[in-house]
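Chemist: Dumping the structure here so I can ask a few things about it.
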Protein chains: 2
Amino acid sequence: MAVLNEMHSERIAELLDRIGRATHCLQFADGLNPAQWETLRYLARANRYSRTPTALADYLGTTKGTASQTARALESKGYIQRVKRTCDKRSVWLELTETGHTVLARDPMGRLETAASALPPDFGELLADGLSSLLRGLKSDCGGREFGVCEQCGHLDPSGDGEARCGLTGDALASEDRTRICVEFRAVPPGA
Amino acid sequence: MAVLNEMHSERIAELLDRIGRATHCLQFADGLNPAQWETLRYLARANRYSRTPTALADYLGTTKGTASQTARALESKGYIQRVKRTCDKRSVWLELTETGHTVLARDPMGRLETAASALPPDFGELLADGLSSLLRGLKSDCGGREFGVCEQCGHLDPSGDGEARCGLTGDALASEDRTRICVEFRAVPPGA
DNA sequence: CAAGGATGATATCGACTCGAAACCAGTTTG
DNA sequence: CAAACTGGTTTCGAGTCGATATCATCCTTG
């Protein structure tokens with residue numbers, strides 16, 4: 001039994017490795033590099049608190065300087081634009097442009113999705129669950145800040161119904177914001 | 001149903017992405033870079049026909065020049081060594097050293113394995129199968145040479161029993177060789 | 001056997017990426 | 001108001017990678 005399980009673990013690790021390598025080449029489509037693709041994906045899914053160079057750096061696990069460079073590259077290609085914030089004049093918002101959304105629709109990782117959608121439906125569910133718990137197990141190991149959506153955030157303060165607020169900033173959260181990635185995400189404490 | 005399946009595909013793609021990012025940092029352990037780790041892993045699992053710079057380049061999907069540089073870096077760290085071949089004096093064998101095997105035992109991707117082994121056994125099997133067919137679907141898309149083991153190779157010529165030969169080179173294959181990766185691997189033709 | 005082409009490997013060069021550190025401007029704290 | 005802090009950018013050096021050129025060896029063909 002232990003042996004059987006070990007065999008599978010090994011196979012799983014290898015498969016993930018190979019999937020990673022197989023998709024690696026895809027990540028250079030459209031003259032972008034992997035970091036730039038990840039940035040576009042991130043910006044499309046991050047809420048308004050999180051579309052900044054620093055948050056991006058956290059997400060990518062890199063430095064502010066590097067994130068800034070990546071953003072600059074994407075800006076020069078016309079895929080994002082920098083918007084100076086008024087409240088804090090140091091701060092900058094990174095926003096996808098029209099062109100940015102267009103190119104994101106051609107995201108090469110979409111191939112992965114179409115490959116996944118070819119699986120039998122119930123199988124896909126199992127696969128997703130398996131990967132999910134694999135990731136959970138992994139995250140405790142290597143550092144890497146947790147990024148989650150407001151819906152599952154410990155800061156969320158569901159005052160009344162229909163309207164929810166972020167307990168940290170006090171802002172009301174549009175439903176659109178609640179399903180997006182937030183830098184400030186904290187896992188809900190176990191006993192809550 | 002279609003919607004349900006689409007949800008899972010999206011989730012699967014995202015999870016794979018995040019697993020990739022989570023393991024990315026691990027790949028720099030021990031002063032090596034991802035390509036160097038992959039090289040060590042490959043050399044440990046490749047048969048004697050396949051432990052050469054050119055085969056390595058094929059496997060990694062890179063150029064011979066780059067593969068040569070990677071090998072040189074690993075050699076200078078003492079993890080592999082170049083052995084001049086006698087039969088063909090142009091050719092070189094890349095062999096793991098004692099130290100190379102030692103460092104490979106600390107392979108950071110082992111974390112992935114331990115995370116996978118934490119899954120319920122039957123679950124692990126399903127996960128492996130799912131990933132496997134995902135990879136199959138993917139491989140038809142992006143190029144990438146197929147690498148397989150002699151056991152499932154179209155060149156394998158099981159003359160008599162116990163002893164098998166490679167139909168390409170005519171060499172007898174030790175059982176150890178038969179379970180290793182080979183550059184010359186060809187999928188068995190469908191009707192065989 | 002000689003000539004020409006193919007093949008395995010390496011060296012060199014330039015483009016590019018990334019991280020570290022210095023730096024600037026704006027904000028908060030005391 | 002000064003000091004400390006924070007968000008962001010710039011600069012610089014190390015390192016990687018791919019393309020190209022080169023060298024040695026092998027193979028094929030006449």
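Ligands are numbered from 1 in the order shown, chains are lettered A, B, ... in the order of the structure tokens, and residues start at 1 in each chain.
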Once DSSP has gone over the backbone, tell me which residues of segment 23-171 of chain B are in strand (DSSP E or B), as a list of chain:residue names.
Modeler: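 Taking segment 23-171 of chain B and keeping strand (DSSP E or B) gives B:Ala46, B:Ile80, B:Gln81, B:Arg82, B:Val83, B:Lys84, B:Val92, B:Trp93, B:Leu94, B:Glu95, B:Leu96, B:Gly148, B:Val149, B:Cys153, B:Leu156, B:Asp157, B:Ala164, B:Arg165, B:Cys166.
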Chemist: Next, write the just-selected residues to a file, as a JSON list (two decimals), in the first residue's frame, keeping N, CA and C atoms as the atom set.
Modeler:
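That gives us selection-v8.json:
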[["chain", "number", "residue", "atom", "x", "y", "z"],
["B", 46, "ALA", "N", 17.95, 8.64, -17.52],
["B", 46, "ALA", "CA", 18.13, 8.37, -18.95],
["B", 46, "ALA", "C", 19.01, 7.14, -19.14],
["B", 80, "ILE", "N", 28.40, 16.49, -12.14],
["B", 80, "ILE", "CA", 28.46, 15.53, -13.23],
["B", 80, "ILE", "C", 29.89, 15.50, -13.75],
["B", 81, "GLN", "N", 30.17, 14.53, -14.61],
["B", 81, "GLN", "CA", 31.46, 14.59, -15.24],
["B", 81, "GLN", "C", 31.35, 14.12, -16.68],
["B", 82, "ARG", "N", 32.23, 14.69, -17.52],
["B", 82, "ARG", "CA", 32.21, 14.35, -18.94],
["B", 82, "ARG", "C", 33.15, 13.19, -19.16],
["B", 83, "VAL", "N", 32.61, 12.18, -19.84],
["B", 83, "VAL", "CA", 33.44, 11.03, -20.16],
["B", 83, "VAL", "C", 33.52, 10.91, -21.67],
["B", 84, "LYS", "N", 34.71, 10.99, -22.19],
["B", 84, "LYS", "CA", 34.87, 10.86, -23.64],
["B", 84, "LYS", "C", 34.55, 9.45, -24.05],
["B", 92, "VAL", "N", 30.30, 12.46, -26.17],
["B", 92, "VAL", "CA", 30.62, 12.61, -24.75],
["B", 92, "VAL", "C", 29.50, 12.03, -23.92],
["B", 93, "TRP", "N", 29.83, 11.39, -22.85],
["B", 93, "TRP", "CA", 28.80, 10.94, -21.92],
["B", 93, "TRP", "C", 28.76, 11.87, -20.73],
["B", 94, "LEU", "N", 27.57, 12.19, -20.33],
["B", 94, "LEU", "CA", 27.41, 12.99, -19.12],
["B", 94, "LEU", "C", 27.01, 12.03, -18.01],
["B", 95, "GLU", "N", 27.80, 11.95, -16.97],
["B", 95, "GLU", "CA", 27.51, 11.01, -15.90],
["B", 95, "GLU", "C", 27.44, 11.73, -14.56],
["B", 96, "LEU", "N", 26.44, 11.37, -13.79],
["B", 96, "LEU", "CA", 26.35, 11.93, -12.44],
["B", 96, "LEU", "C", 27.52, 11.43, -11.60],
["B", 148, "GLY", "N", 10.23, 8.38, -23.96],
["B", 148, "GLY", "CA", 9.61, 7.27, -23.25],
["B", 148, "GLY", "C", 10.67, 6.24, -22.90],
["B", 149, "VAL", "N", 10.25, 5.19, -22.23],
["B", 149, "VAL", "CA", 11.18, 4.15, -21.83],
["B", 149, "VAL", "C", 11.15, 3.00, -22.84],
["B", 153, "CYS", "N", 8.69, 1.00, -26.22],
["B", 153, "CYS", "CA", 9.23, 1.58, -27.44],
["B", 153, "CYS", "C", 8.97, 0.69, -28.65],
["B", 156, "LEU", "N", 11.70, -1.85, -29.60],
["B", 156, "LEU", "CA", 12.00, -2.98, -28.75],
["B", 156, "LEU", "C", 11.69, -4.29, -29.48],
["B", 157, "ASP", "N", 12.64, -5.19, -29.41],
["B", 157, "ASP", "CA", 12.52, -6.45, -30.12],
["B", 157, "ASP", "C", 12.69, -7.58, -29.11],
["B", 164, "ALA", "N", 15.95, -8.82, -24.13],
["B", 164, "ALA", "CA", 15.35, -8.00, -25.16],
["B", 164, "ALA", "C", 16.44, -7.17, -25.83],
["B", 165, "ARG", "N", 16.17, -6.84, -27.09],
["B", 165, "ARG", "CA", 17.16, -6.06, -27.82],
["B", 165, "ARG", "C", 16.53, -4.79, -28.35],
["B", 166, "CYS", "N", 17.36, -3.80, -28.55],
["B", 166, "CYS", "CA", 16.89, -2.60, -29.22],
["B", 166, "CYS", "C", 17.01, -2.84, -30.71]]
Chemist: Residues of chain A were defined as contacting chain C if any atom lay at most 9 Å from it, counting only C-alpha atoms (C1' of nucleotides); please report them as an MDAnalysis selection string.
Modeler: chainID A and resid 62:63 65:66 88:90
Chemist: What would the file look like if the residues just selected were written as an mmCIF file, in the first residue's frame with C-alpha atoms?
Modeler:
data_model
loop_
_atom_site.group_PDB
_atom_site.id
_atom_site.type_symbol
_atom_site.label_atom_id
_atom_site.label_comp_id
_atom_site.auth_asym_id
_atom_site.auth_seq_id
_atom_site.Cartn_x
_atom_site.Cartn_y
_atom_site.Cartn_z
ATOM 1 C CA THR A 62 9.785 38.959 -6.900
ATOM 2 C CA THR A 63 11.037 42.415 -5.929
ATOM 3 C CA GLY A 65 12.129 46.791 -8.821
ATOM 4 C CA THR A 66 11.566 43.800 -11.058
ATOM 5 C CA ASP A 88 -1.746 58.928 -2.193
ATOM 6 C CA LYS A 89 0.382 60.665 -4.754
ATOM 7 C CA ARG A 90 3.156 58.099 -4.465
#
Chemist: With DSSP run on the backbone, what are the helix (DSSP H, G or I) residues within segment 19-155 of chain A? I'd like them as a VMD selection string.
Modeler: chain A and resid 19 to 31 34 to 45 53 to 60 64 to 76 98 to 104 110 to 117 121 to 141 150 to 152
Chemist: May I have the residues from that selection written out with C-alpha atoms, as a PDB file, in the first residue's frame?
Modeler:
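Final output, saved to again28.pdb:
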ATOM      1  CA  ILE A  19       3.233  19.653 -17.916  1.00  0.00           C
ATOM      2  CA  GLY A  20       5.298  22.560 -16.707  1.00  0.00           C
ATOM      3  CA  ARG A  21       7.871  21.992 -19.398  1.00  0.00           C
ATOM      4  CA  ALA A  22       5.283  21.422 -22.099  1.00  0.00           C
ATOM      5  CA  THR A  23       3.590  24.708 -21.337  1.00  0.00           C
ATOM      6  CA  HIS A  24       6.838  26.591 -20.942  1.00  0.00           C
ATOM      7  CA  CYS A  25       7.230  27.250 -24.637  1.00  0.00           C
ATOM      8  CA  LEU A  26       3.648  28.495 -24.846  1.00  0.00           C
ATOM      9  CA  GLN A  27       4.479  31.195 -22.350  1.00  0.00           C
ATOM     10  CA  PHE A  28       6.480  33.144 -24.893  1.00  0.00           C
ATOM     11  CA  ALA A  29       3.618  33.740 -27.289  1.00  0.00           C
ATOM     12  CA  ASP A  30       2.930  37.215 -28.654  1.00  0.00           C
ATOM     13  CA  GLY A  31       6.394  38.478 -27.807  1.00  0.00           C
ATOM     14  CA  PRO A  34       6.188  34.310 -18.680  1.00  0.00           C
ATOM     15  CA  ALA A  35       6.346  37.055 -16.079  1.00  0.00           C
ATOM     16  CA  GLN A  36       4.495  39.424 -18.386  1.00  0.00           C
ATOM     17  CA  TRP A  37       1.742  36.909 -19.078  1.00  0.00           C
ATOM     18  CA  GLU A  38       1.335  36.272 -15.384  1.00  0.00           C
ATOM     19  CA  THR A  39       1.115  39.983 -14.797  1.00  0.00           C
ATOM     20  CA  LEU A  40      -1.666  40.406 -17.325  1.00  0.00           C
ATOM     21  CA  ARG A  41      -3.576  37.500 -15.792  1.00  0.00           C
ATOM     22  CA  TYR A  42      -3.086  38.912 -12.340  1.00  0.00           C
ATOM     23  CA  LEU A  43      -4.240  42.405 -13.229  1.00  0.00           C
ATOM     24  CA  ALA A  44      -7.362  40.974 -14.819  1.00  0.00           C
ATOM     25  CA  ARG A  45      -8.264  39.211 -11.608  1.00  0.00           C
ATOM     26  CA  PRO A  53       3.472  47.346  -8.453  1.00  0.00           C
ATOM     27  CA  THR A  54       4.094  46.297  -4.863  1.00  0.00           C
ATOM     28  CA  ALA A  55       1.161  43.898  -4.765  1.00  0.00           C
ATOM     29  CA  LEU A  56       2.263  42.496  -8.089  1.00  0.00           C
ATOM     30  CA  ALA A  57       5.738  41.928  -6.688  1.00  0.00           C
ATOM     31  CA  ASP A  58       4.237  40.037  -3.755  1.00  0.00           C
ATOM     32  CA  TYR A  59       2.121  37.942  -6.052  1.00  0.00           C
ATOM     33  CA  LEU A  60       4.925  37.020  -8.397  1.00  0.00           C
ATOM     34  CA  LYS A  64       9.421  45.801  -6.404  1.00  0.00           C
ATOM     35  CA  GLY A  65      12.129  46.791  -8.821  1.00  0.00           C
ATOM     36  CA  THR A  66      11.566  43.800 -11.058  1.00  0.00           C
ATOM     37  CA  ALA A  67       7.802  44.187 -10.929  1.00  0.00           C
ATOM     38  CA  SER A  68       8.230  47.789 -11.929  1.00  0.00           C
ATOM     39  CA  GLN A  69      10.307  46.763 -14.922  1.00  0.00           C
ATOM     40  CA  THR A  70       7.748  44.195 -15.993  1.00  0.00           C
ATOM     41  CA  ALA A  71       5.026  46.804 -15.741  1.00  0.00           C
ATOM     42  CA  ARG A  72       7.086  49.233 -17.774  1.00  0.00           C
ATOM     43  CA  ALA A  73       7.615  46.652 -20.502  1.00  0.00           C
ATOM     44  CA  LEU A  74       3.901  45.965 -20.690  1.00  0.00           C
ATOM     45  CA  GLU A  75       3.151  49.668 -20.770  1.00  0.00           C
ATOM     46  CA  SER A  76       5.520  50.241 -23.665  1.00  0.00           C
ATOM     47  CA  GLU A  98      -8.358  47.599 -24.302  1.00  0.00           C
ATOM     48  CA  THR A  99      -5.469  46.004 -26.164  1.00  0.00           C
ATOM     49  CA  GLY A 100      -4.421  44.306 -22.968  1.00  0.00           C
ATOM     50  CA  HIS A 101      -7.774  42.601 -22.641  1.00  0.00           C
ATOM     51  CA  THR A 102      -7.634  41.596 -26.267  1.00  0.00           C
ATOM     52  CA  VAL A 103      -4.257  39.954 -25.985  1.00  0.00           C
ATOM     53  CA  LEU A 104      -5.293  38.259 -22.759  1.00  0.00           C
ATOM     54  CA  GLY A 110      -5.944  28.707 -22.541  1.00  0.00           C
ATOM     55  CA  ARG A 111      -4.556  25.593 -24.181  1.00  0.00           C
ATOM     56  CA  LEU A 112      -4.370  24.055 -20.775  1.00  0.00           C
ATOM     57  CA  GLU A 113      -7.999  24.877 -20.259  1.00  0.00           C
ATOM     58  CA  THR A 114      -9.129  23.342 -23.497  1.00  0.00           C
ATOM     59  CA  ALA A 115      -7.057  20.262 -22.725  1.00  0.00           C
ATOM     60  CA  ALA A 116      -8.732  20.088 -19.337  1.00  0.00           C
ATOM     61  CA  SER A 117     -12.197  20.535 -20.775  1.00  0.00           C
ATOM     62  CA  PRO A 121     -16.764  16.143 -16.457  1.00  0.00           C
ATOM     63  CA  ASP A 122     -16.795  14.257 -13.179  1.00  0.00           C
ATOM     64  CA  PHE A 123     -13.192  13.381 -13.749  1.00  0.00           C
ATOM     65  CA  GLY A 124     -12.363  17.044 -14.070  1.00  0.00           C
ATOM     66  CA  GLU A 125     -13.889  17.690 -10.701  1.00  0.00           C
ATOM     67  CA  LEU A 126     -11.777  15.022  -9.066  1.00  0.00           C
ATOM     68  CA  LEU A 127      -8.683  16.333 -10.768  1.00  0.00           C
ATOM     69  CA  ALA A 128      -9.362  19.854  -9.579  1.00  0.00           C
ATOM     70  CA  ASP A 129      -9.925  18.680  -6.022  1.00  0.00           C
ATOM     71  CA  GLY A 130      -6.774  16.627  -6.071  1.00  0.00           C
ATOM     72  CA  LEU A 131      -4.672  19.477  -7.331  1.00  0.00           C
ATOM     73  CA  SER A 132      -6.249  21.791  -4.840  1.00  0.00           C
ATOM     74  CA  SER A 133      -5.305  19.701  -1.847  1.00  0.00           C
ATOM     75  CA  LEU A 134      -1.897  19.139  -3.347  1.00  0.00           C
ATOM     76  CA  LEU A 135      -1.403  22.879  -3.482  1.00  0.00           C
ATOM     77  CA  ARG A 136      -2.602  23.268   0.064  1.00  0.00           C
ATOM     78  CA  GLY A 137      -0.046  20.766   1.217  1.00  0.00           C
ATOM     79  CA  LEU A 138       2.613  22.531  -0.743  1.00  0.00           C
ATOM     80  CA  LYS A 139       1.903  26.021   0.415  1.00  0.00           C
ATOM     81  CA  SER A 140       2.706  25.292   4.004  1.00  0.00           C
ATOM     82  CA  ASP A 141       6.168  24.295   2.873  1.00  0.00           C
ATOM     83  CA  CYS A 150     -12.578  38.911  -0.400  1.00  0.00           C
ATOM     84  CA  GLU A 151     -15.405  36.406  -0.139  1.00  0.00           C
ATOM     85  CA  GLN A 152     -13.232  34.136   1.964  1.00  0.00           C
TER      86      GLN A 152
END
Chemist: Which chain D residues are at most 8 Å from chain B (counting only C-alpha atoms (C1' of nucleotides)), as a count of residues only?
Modeler: 5
Chemist: Can you pull out every residue within 10 Å of Thr169 of chain B, counting only C-alpha atoms (C1' of nucleotides), but drop anything in the same chain fewer than 4 positions away, and send it as a list in words?
Modeler: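 Close residues of Thr169 of chain B: Tyr49, His155, Arg165 and Glu184 of chain B.
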Chemist: Could you check how far atom C1' of DG7 of chain D sits from atom CA of Arg51 of chain A, in Å to one decimal?
Modeler: 12.9 Å
Chemist: Please, what distance in Å, to one decimal, runs between atom CA of Phe147 of chain A and atom CA of Leu15 of chain B?
Modeler: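 Going from atom CA of Phe147 of chain A over to atom CA of Leu15 of chain B covers 12.7 Å.
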Chemist: Between atom CA of His8 of chain B and atom CA of Ala174 of chain A, what is the spacing in Å?
Modeler: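 One can read the atom CA of Ala174 of chain A to atom CA of His8 of chain B distance as 25.1 Å.
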Chemist: Nearest to chain A among B:Arg18, B:Lys77, B:Arg48, B:Arg178, with distances taken over only C-alpha atoms: which residue is it?
Modeler: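 For chain A, the nearest of the candidates is B:Arg18.
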